[in-house]
Every structure is written in C-alpha cells, then in structure tokens.
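Trainee: Next comes model.pdb, PDB, C-alpha atoms, pLDDT in the B column:
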```
ATOM      1  CA  MET S1089     163.087  92.904 120.877  1.00 95.00           C
ATOM      2  CA  ASP S1090     166.763  92.068 121.172  1.00 97.00           C
ATOM      3  CA  ARG S1091     168.122  95.299 119.639  1.00 98.00           C
ATOM      4  CA  GLY S1092     166.269  98.234 118.125  1.00 98.00           C
ATOM      5  CA  LEU S1093     167.307 100.604 115.354  1.00 98.00           C
ATOM      6  CA  VAL S1094     165.955 104.160 115.573  1.00 96.00           C
ATOM      7  CA  VAL S1095     166.433 106.184 112.384  1.00 94.00           C
ATOM      8  CA  ILE S1096     166.604 109.951 112.914  1.00 89.00           C
ATOM      9  CA  LYS S1097     166.207 112.021 109.757  1.00 77.00           C
ATOM     10  CA  ASP S1098     165.504 115.451 111.354  1.00 62.00           C
ATOM     11  CA  ALA S1099     165.267 116.488 114.976  1.00 53.00           C
ATOM     12  CA  GLU S1100     161.775 117.614 115.938  1.00 57.00           C
ATOM     13  CA  PRO S1101     159.461 114.930 114.538  1.00 62.00           C
ATOM     14  CA  HIS S1102     161.664 112.241 115.986  1.00 80.00           C
ATOM     15  CA  GLU S1103     161.313 113.065 119.657  1.00 86.00           C
ATOM     16  CA  GLY S1104     158.121 111.012 120.003  1.00 87.00           C
ATOM     17  CA  LEU S1105     159.645 108.163 118.028  1.00 91.00           C
ATOM     18  CA  LEU S1106     162.773 108.180 120.176  1.00 92.00           C
ATOM     19  CA  ARG S1107     160.779 108.172 123.406  1.00 92.00           C
ATOM     20  CA  GLU S1108     158.586 105.297 122.137  1.00 93.00           C
ATOM     21  CA  ALA S1109     161.666 103.291 121.146  1.00 96.00           C
ATOM     22  CA  ALA S1110     163.220 103.916 124.567  1.00 96.00           C
ATOM     23  CA  GLN S1111     160.062 102.776 126.333  1.00 95.00           C
ATOM     24  CA  GLN S1112     159.946  99.552 124.315  1.00 96.00           C
ATOM     25  CA  ALA S1113     163.683  98.975 124.777  1.00 97.00           C
ATOM     26  CA  ARG S1114     163.363  99.446 128.536  1.00 95.00           C
ATOM     27  CA  GLY S1115     160.497  96.937 128.671  1.00 94.00           C
ATOM     28  CA  ALA S1116     162.507  94.398 126.673  1.00 97.00           C
ATOM     29  CA  ASP S1117     165.804  95.204 128.397  1.00 96.00           C
ATOM     30  CA  ALA S1118     167.294  95.726 124.937  1.00 97.00           C
ATOM     31  CA  PRO S1119     169.830  98.241 123.617  1.00 97.00           C
ATOM     32  CA  LEU S1120     169.116 100.738 120.845  1.00 97.00           C
ATOM     33  CA  VAL S1121     171.168 101.943 117.920  1.00 98.00           C
ATOM     34  CA  VAL S1122     170.201 105.535 117.143  1.00 96.00           C
ATOM     35  CA  LEU S1123     171.196 106.194 113.560  1.00 95.00           C
ATOM     36  CA  THR S1124     171.184 109.170 111.258  1.00 90.00           C
ATOM     37  CA  PHE S1125     172.548 109.586 107.781  1.00 87.00           C
ATOM     38  CA  ALA S1126     174.672 112.215 106.096  1.00 81.00           C
ATOM     39  CA  THR S1127     175.052 112.446 102.361  1.00 75.00           C
ATOM     40  CA  GLU S1128     178.278 112.926 100.460  1.00 67.00           C
ATOM     41  CA  ARG S1129     177.118 116.480  99.636  1.00 65.00           C
ATOM     42  CA  GLN S1130     176.797 117.350 103.322  1.00 61.00           C
ATOM     43  CA  LEU S1131     180.452 116.506 103.922  1.00 61.00           C
ATOM     44  CA  GLY S1132     181.554 119.481 101.849  1.00 55.00           C
ATOM     45  CA  SER S1133     178.911 121.900 103.082  1.00 54.00           C
ATOM     46  CA  GLY S1134     179.251 121.370 106.817  1.00 51.00           C
ATOM     47  CA  VAL S1135     177.096 120.008 109.566  1.00 52.00           C
ATOM     48  CA  GLU S1136     174.061 122.283 109.282  1.00 54.00           C
ATOM     49  CA  LYS S1137     171.750 119.255 109.317  1.00 55.00           C
ATOM     50  CA  PHE S1138     173.075 118.365 112.730  1.00 58.00           C
ATOM     51  CA  GLU S1139     172.800 121.861 114.217  1.00 56.00           C
ATOM     52  CA  ALA S1140     169.124 121.140 114.907  1.00 53.00           C
ATOM     53  CA  LEU S1141     170.275 118.226 117.041  1.00 52.00           C
ATOM     54  CA  GLY S1142     172.438 120.598 119.080  1.00 50.00           C
ATOM     55  CA  GLY S1143     176.070 121.130 119.964  1.00 50.00           C
ATOM     56  CA  VAL S1144     177.477 121.600 116.457  1.00 52.00           C
ATOM     57  CA  GLU S1145     178.498 124.883 114.923  1.00 52.00           C
ATOM     58  CA  GLY S1146     178.071 125.510 111.190  1.00 52.00           C
ATOM     59  CA  VAL S1147     181.573 124.629 110.082  1.00 48.00           C
ATOM     60  CA  THR S1148     182.876 122.402 107.359  1.00 53.00           C
ATOM     61  CA  TYR S1149     185.219 119.498 107.886  1.00 56.00           C
ATOM     62  CA  ASP S1150     188.000 118.506 105.537  1.00 60.00           C
ATOM     63  CA  ASN S1151     187.743 114.798 106.156  1.00 66.00           C
ATOM     64  CA  GLN S1152     184.922 112.376 106.666  1.00 74.00           C
ATOM     65  CA  ALA S1153     186.141 111.078 110.026  1.00 78.00           C
ATOM     66  CA  GLU S1154     186.075 114.568 111.600  1.00 76.00           C
ATOM     67  CA  PHE S1155     182.624 115.199 110.161  1.00 76.00           C
ATOM     68  CA  VAL S1156     181.238 111.887 111.445  1.00 81.00           C
ATOM     69  CA  ASP S1157     182.758 112.437 114.901  1.00 83.00           C
ATOM     70  CA  ALA S1158     181.186 115.905 115.192  1.00 79.00           C
ATOM     71  CA  ALA S1159     177.832 114.654 113.901  1.00 81.00           C
ATOM     72  CA  GLU S1160     177.858 111.679 116.306  1.00 87.00           C
ATOM     73  CA  ASP S1161     178.596 114.048 119.204  1.00 85.00           C
ATOM     74  CA  ALA S1162     175.596 116.170 118.171  1.00 83.00           C
ATOM     75  CA  LEU S1163     173.383 113.098 117.836  1.00 87.00           C
ATOM     76  CA  GLU S1164     174.521 111.800 121.227  1.00 89.00           C
ATOM     77  CA  ALA S1165     173.654 115.143 122.861  1.00 86.00           C
ATOM     78  CA  TYR S1166     170.251 115.182 121.161  1.00 87.00           C
ATOM     79  CA  VAL S1167     169.406 111.647 122.299  1.00 90.00           C
ATOM     80  CA  GLU S1168     170.545 112.330 125.855  1.00 90.00           C
ATOM     81  CA  GLU S1169     168.479 115.525 126.036  1.00 89.00           C
ATOM     82  CA  THR S1170     165.402 113.890 124.492  1.00 89.00           C
ATOM     83  CA  LEU S1171     165.506 110.819 126.711  1.00 91.00           C
ATOM     84  CA  ASP S1172     166.320 112.949 129.759  1.00 87.00           C
ATOM     85  CA  GLY S1173     167.904 110.297 131.934  1.00 80.00           C
ATOM     86  CA  ALA S1174     165.861 107.321 130.721  1.00 85.00           C
ATOM     87  CA  ASP S1175     167.548 104.093 131.689  1.00 90.00           C
ATOM     88  CA  VAL S1176     168.241 102.819 128.162  1.00 95.00           C
ATOM     89  CA  GLU S1177     171.484 101.616 126.646  1.00 95.00           C
ATOM     90  CA  TYR S1178     172.082 103.134 123.219  1.00 96.00           C
ATOM     91  CA  GLU S1179     174.742 103.846 120.652  1.00 96.00           C
ATOM     92  CA  ALA S1180     174.637 106.965 118.444  1.00 94.00           C
ATOM     93  CA  VAL S1181     175.801 106.303 114.879  1.00 95.00           C
ATOM     94  CA  VAL S1182     176.173 108.488 111.783  1.00 91.00           C
ATOM     95  CA  ARG S1183     176.630 106.859 108.401  1.00 90.00           C
ATOM     96  CA  VAL S1184     177.650 108.665 105.244  1.00 85.00           C
ATOM     97  CA  ILE S1185     175.637 107.463 102.257  1.00 85.00           C
ATOM     98  CA  ASP S1186     175.243 108.486  98.639  1.00 79.00           C
ATOM     99  CA  GLY S1187     171.447 108.139  98.667  1.00 71.00           C
ATOM    100  CA  GLY S1188     168.807 105.519  99.297  1.00 82.00           C
ATOM    101  CA  TYR S1189     167.708 105.931 102.913  1.00 86.00           C
ATOM    102  CA  GLY S1190     165.578 102.780 102.741  1.00 89.00           C
ATOM    103  CA  THR S1191     168.423 100.588 101.553  1.00 91.00           C
ATOM    104  CA  ALA S1192     170.842 102.194 104.022  1.00 92.00           C
ATOM    105  CA  THR S1193     168.391 101.543 106.868  1.00 94.00           C
ATOM    106  CA  LEU S1194     168.015  97.902 105.891  1.00 95.00           C
ATOM    107  CA  ASP S1195     171.804  97.528 105.635  1.00 95.00           C
ATOM    108  CA  ALA S1196     172.284  99.121 109.068  1.00 96.00           C
ATOM    109  CA  SER S1197     169.660  96.876 110.657  1.00 97.00           C
ATOM    110  CA  GLU S1198     171.566  93.870 109.379  1.00 97.00           C
ATOM    111  CA  ASP S1199     174.996  95.252 110.340  1.00 97.00           C
ATOM    112  CA  PHE S1200     173.900  95.950 113.934  1.00 98.00           C
ATOM    113  CA  GLY S1201     171.751  92.823 114.294  1.00 98.00           C
ATOM    114  CA  CYS S1202     168.527  94.740 114.918  1.00 98.00           C
ATOM    115  CA  ASP S1203     165.197  92.951 115.013  1.00 98.00           C
ATOM    116  CA  HIS S1204     163.021  96.059 115.388  1.00 98.00           C
ATOM    117  CA  VAL S1205     163.215  99.278 113.355  1.00 97.00           C
ATOM    118  CA  PHE S1206     161.713 102.606 114.440  1.00 96.00           C
ATOM    119  CA  ILE S1207     161.184 105.222 111.704  1.00 92.00           C
ATOM    120  CA  THR S1208     159.094 108.261 110.883  1.00 86.00           C
ATOM    121  CA  SER S1209     157.097 108.760 107.738  1.00 80.00           C
ATOM    122  CA  GLU S1210     155.239 111.583 106.083  1.00 72.00           C
ATOM    123  CA  ARG S1211     151.558 111.169 105.471  1.00 68.00           C
ATOM    124  CA  ARG S1212     151.180 110.630 101.732  1.00 65.00           C
ATOM    125  CA  SER S1213     148.454 109.509  99.451  1.00 66.00           C
ATOM    126  CA  PRO S1214     148.904 106.133  97.751  1.00 66.00           C
ATOM    127  CA  ALA S1215     149.528 107.985  94.476  1.00 62.00           C
ATOM    128  CA  GLY S1216     152.210 110.116  96.109  1.00 55.00           C
ATOM    129  CA  LYS S1217     153.974 107.024  97.395  1.00 57.00           C
ATOM    130  CA  ALA S1218     153.849 105.409  93.965  1.00 54.00           C
ATOM    131  CA  ILE S1219     155.186 108.479  92.170  1.00 46.00           C
ATOM    132  CA  PHE S1220     157.810 109.658  94.650  1.00 46.00           C
ATOM    133  CA  GLY S1221     158.643 106.413  96.423  1.00 56.00           C
ATOM    134  CA  ASP S1222     158.611 106.089 100.154  1.00 74.00           C
ATOM    135  CA  PHE S1223     161.422 105.333 102.558  1.00 80.00           C
ATOM    136  CA  ALA S1224     159.040 103.810 105.115  1.00 83.00           C
ATOM    137  CA  GLN S1225     157.350 101.627 102.519  1.00 82.00           C
ATOM    138  CA  ARG S1226     160.706 100.187 101.434  1.00 87.00           C
ATOM    139  CA  VAL S1227     161.607  99.356 105.033  1.00 91.00           C
ATOM    140  CA  ILE S1228     158.219  97.792 105.792  1.00 88.00           C
ATOM    141  CA  LEU S1229     158.259  95.617 102.698  1.00 88.00           C
ATOM    142  CA  ASN S1230     161.874  94.469 103.003  1.00 93.00           C
ATOM    143  CA  PHE S1231     162.656  94.256 106.738  1.00 95.00           C
ATOM    144  CA  ASP S1232     162.295  90.848 108.336  1.00 95.00           C
ATOM    145  CA  GLY S1233     161.170  92.007 111.758  1.00 96.00           C
ATOM    146  CA  PHE S1234     158.989  94.547 113.521  1.00 96.00           C
ATOM    147  CA  VAL S1235     158.697  98.122 112.243  1.00 95.00           C
ATOM    148  CA  THR S1236     157.268 100.986 114.289  1.00 93.00           C
ATOM    149  CA  ILE S1237     156.302 104.090 112.317  1.00 87.00           C
ATOM    150  CA  HIS S1238     155.671 107.501 113.835  1.00 84.00           C
ATOM    151  CA  THR S1239     153.711 109.790 111.505  1.00 77.00           C
ATOM    152  CA  GLY S1240     153.194 112.898 113.595  1.00 66.00           C
ATOM    153  CA  SER S1241     154.355 114.935 116.503  1.00 51.00           C
ATOM    154  CA  ASP S1242     153.702 113.991 120.137  1.00 48.00           C
TER     155      ASP S1242
END
```
Starting from the file, give its structure as structure tokens.

Mentor:
Amino acid sequence: MDRGLVVIKDAEPHEGLLREAAQQARGADAPLVVLTFATERQLGSGVEKFEALGGVEGVTYDNQAEFVDAAEDALEAYVEETLDGADVEYEAVVRVIDGGYGTATLDASEDFGCDHVFITSERRSPAGKAIFGDFAQRVILNFDGFVTIHTGSD
C-alpha cells in the first residue's frame, strides 16, 4: 500500500475499520486519507452528522467553506481519539457531494492517488443489493486496487 483511503460514513461502526487501516498503513509505512462526505442538504441544516464525531455544536453555516472547515476539525478530532496516538500519518478530508457515495469514493481515490480503499458495508441479501444498490459493491467492482470491507463492530 502506498496510500490508503478510509471512508467514514458514521462514527461508531468505523472505529474498527479505522484501526485496521492504521495498522496496515503502519506496516506499509504509508499515509492515509480519512474521508467523509456531506451532502448539499446538510450544508443548510448544520453539522449534526458530525456531532457524533465530536467537537462540533449543532449550528448551521452560511457558506460551504466554513461548514467544511468545522466538519474537518470534527473528523480530525475523531480520528485522533480513535487512533489514540498511533504512529500513522493521515489527512482528514470532507467533501460535499450531491449523492452517489460510490462514485464519490472512486473519484477521491483517484484524486488522492490511493491504491487501497477501506470502507464499511451493511450486511444485505443479494436481492437487497440488487434492489437498493450497494455503495460497497460499486467500489469493489470499479476500484483498481485493494478494498478492505468492515461489516460489523469490533
């Protein structure tokens, strides 16, 4: 692994994924990009999504740059607390998207030059994946590199 991309969608189920990514990054002496997404709708409603990550009060922001800065600060605090002093280089990034987590993940992996993607996925039946689509499935099928999927808690 030269650079890993860790996609955080919500806080709690991602702690195991983040620790696994850090362990692999340490072994490969590679940096991580820890990424989460915000939707256009969240810009107007505040940063409630990021309160679970810590350090952000439920306020709204008038411009996207302020929102992204506050969300990145919350993500940074969450990663630091979760990794608890692990010796891993990482960058916390928030991207505002209008939908399509799978496509946004693939775009980010290309933009940051990542050759390994770490994601979580819900356990679904094959029929559920076919009917509702699946973010993880899109990444697995379209990413040209390694994908690590975490499906449960620690």

Trainee: Enumerate, as a PyMOL selection string, the residues matched when the PyMOL selection byres ((chain S and resi 1184-1187) around 6) is run on the file above.

Mentor: chain S and resi 1125-1128+1183+1188

Trainee: Quick one: everything within 8 Å of Asp1090 (chain S), counting all atoms listed in the file, minus sequence neighbours fewer than 4 positions away in the same chain. Send it as a compact mmCIF listing (two decimals) with C-alpha atoms, in the frame of the given file.

Mentor:
```txt
# COMPACT_ATOMS: atom_id res chain seq x y z
CA ALA S 1116 162.51 94.40 126.67
CA ASP S 1117 165.80 95.20 128.40
CA ALA S 1118 167.29 95.73 124.94
CA PRO S 1119 169.83 98.24 123.62
CA CYS S 1202 168.53 94.74 114.92
CA ASP S 1203 165.20 92.95 115.01
CA HIS S 1204 163.02 96.06 115.39
```

Trainee: Pull out every residue that the PyMOL selection byres ((chain S and resi 1164) around 9) matches in the shown coordinates and put them as a ChimeraX atom specification.

Mentor: /S:1122,1141,1159-1163,1165-1169,1179-1181

Trainee: Show me, as a ChimeraX atom specification, the residues that have an atom within 7 Å of Val1176 (chain S) when counting all atoms listed in the file, minus same-chain residues fewer than 4 positions from it.

Mentor: /S:1110,1113-1114,1119

Trainee: Just C-alpha atoms for this one: save the residues we selected as an mmCIF file, keeping the file's coordinate frame.

Mentor:
```
data_model
loop_
_atom_site.group_PDB
_atom_site.id
_atom_site.type_symbol
_atom_site.label_atom_id
_atom_site.label_comp_id
_atom_site.auth_asym_id
_atom_site.auth_seq_id
_atom_site.Cartn_x
_atom_site.Cartn_y
_atom_site.Cartn_z
ATOM 1 C CA ALA S 1110 163.220 103.916 124.567
ATOM 2 C CA ALA S 1113 163.683 98.975 124.777
ATOM 3 C CA ARG S 1114 163.363 99.446 128.536
ATOM 4 C CA PRO S 1119 169.830 98.241 123.617
#
```

Trainee: May I ask for the distance between CA of Thr1208 (chain S) and CA of Ile1237 (chain S), given in Å to one decimal place?

Mentor: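 Value for the CA of Thr1208 (chain S)-CA of Ile1237 (chain S) distance: 5.2 Å.
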
Trainee: Apply the PyMOL selection byres ((chain S and resi 1233-1235) around 6) to the structure shown and report the selected residues as JSON, numbers by chain.

Mentor: {"S": [1203, 1204, 1205, 1206, 1231, 1232, 1236]}

Trainee: Please dump the current selection as a short mmCIF file (atom, residue, chain, number, x, y, z; two decimals), in the frame of the given file; keep C-alpha atoms.

Mentor:
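Everything below was put into selection.cif:
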```cif
data_model
loop_
_atom_site.label_atom_id
_atom_site.label_comp_id
_atom_site.auth_asym_id
_atom_site.auth_seq_id
_atom_site.Cartn_x
_atom_site.Cartn_y
_atom_site.Cartn_z
CA ASP S 1203 165.20 92.95 115.01
CA HIS S 1204 163.02 96.06 115.39
CA VAL S 1205 163.22 99.28 113.36
CA PHE S 1206 161.71 102.61 114.44
CA PHE S 1231 162.66 94.26 106.74
CA ASP S 1232 162.29 90.85 108.34
CA THR S 1236 157.27 100.99 114.29
#
```

Trainee: Pick from S:His1238, S:Arg1226, S:Arg1091, S:Arg1107: nearest to Gly1190 (chain S), with only C-alpha atoms counted?

Mentor: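 Nearest to Gly1190 (chain S): S:Arg1226.
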
Trainee: To one decimal in Å, tell me the separation between CA of Leu1093 (chain S) and CA of Gln1225 (chain S).

Mentor: 16.3 Å
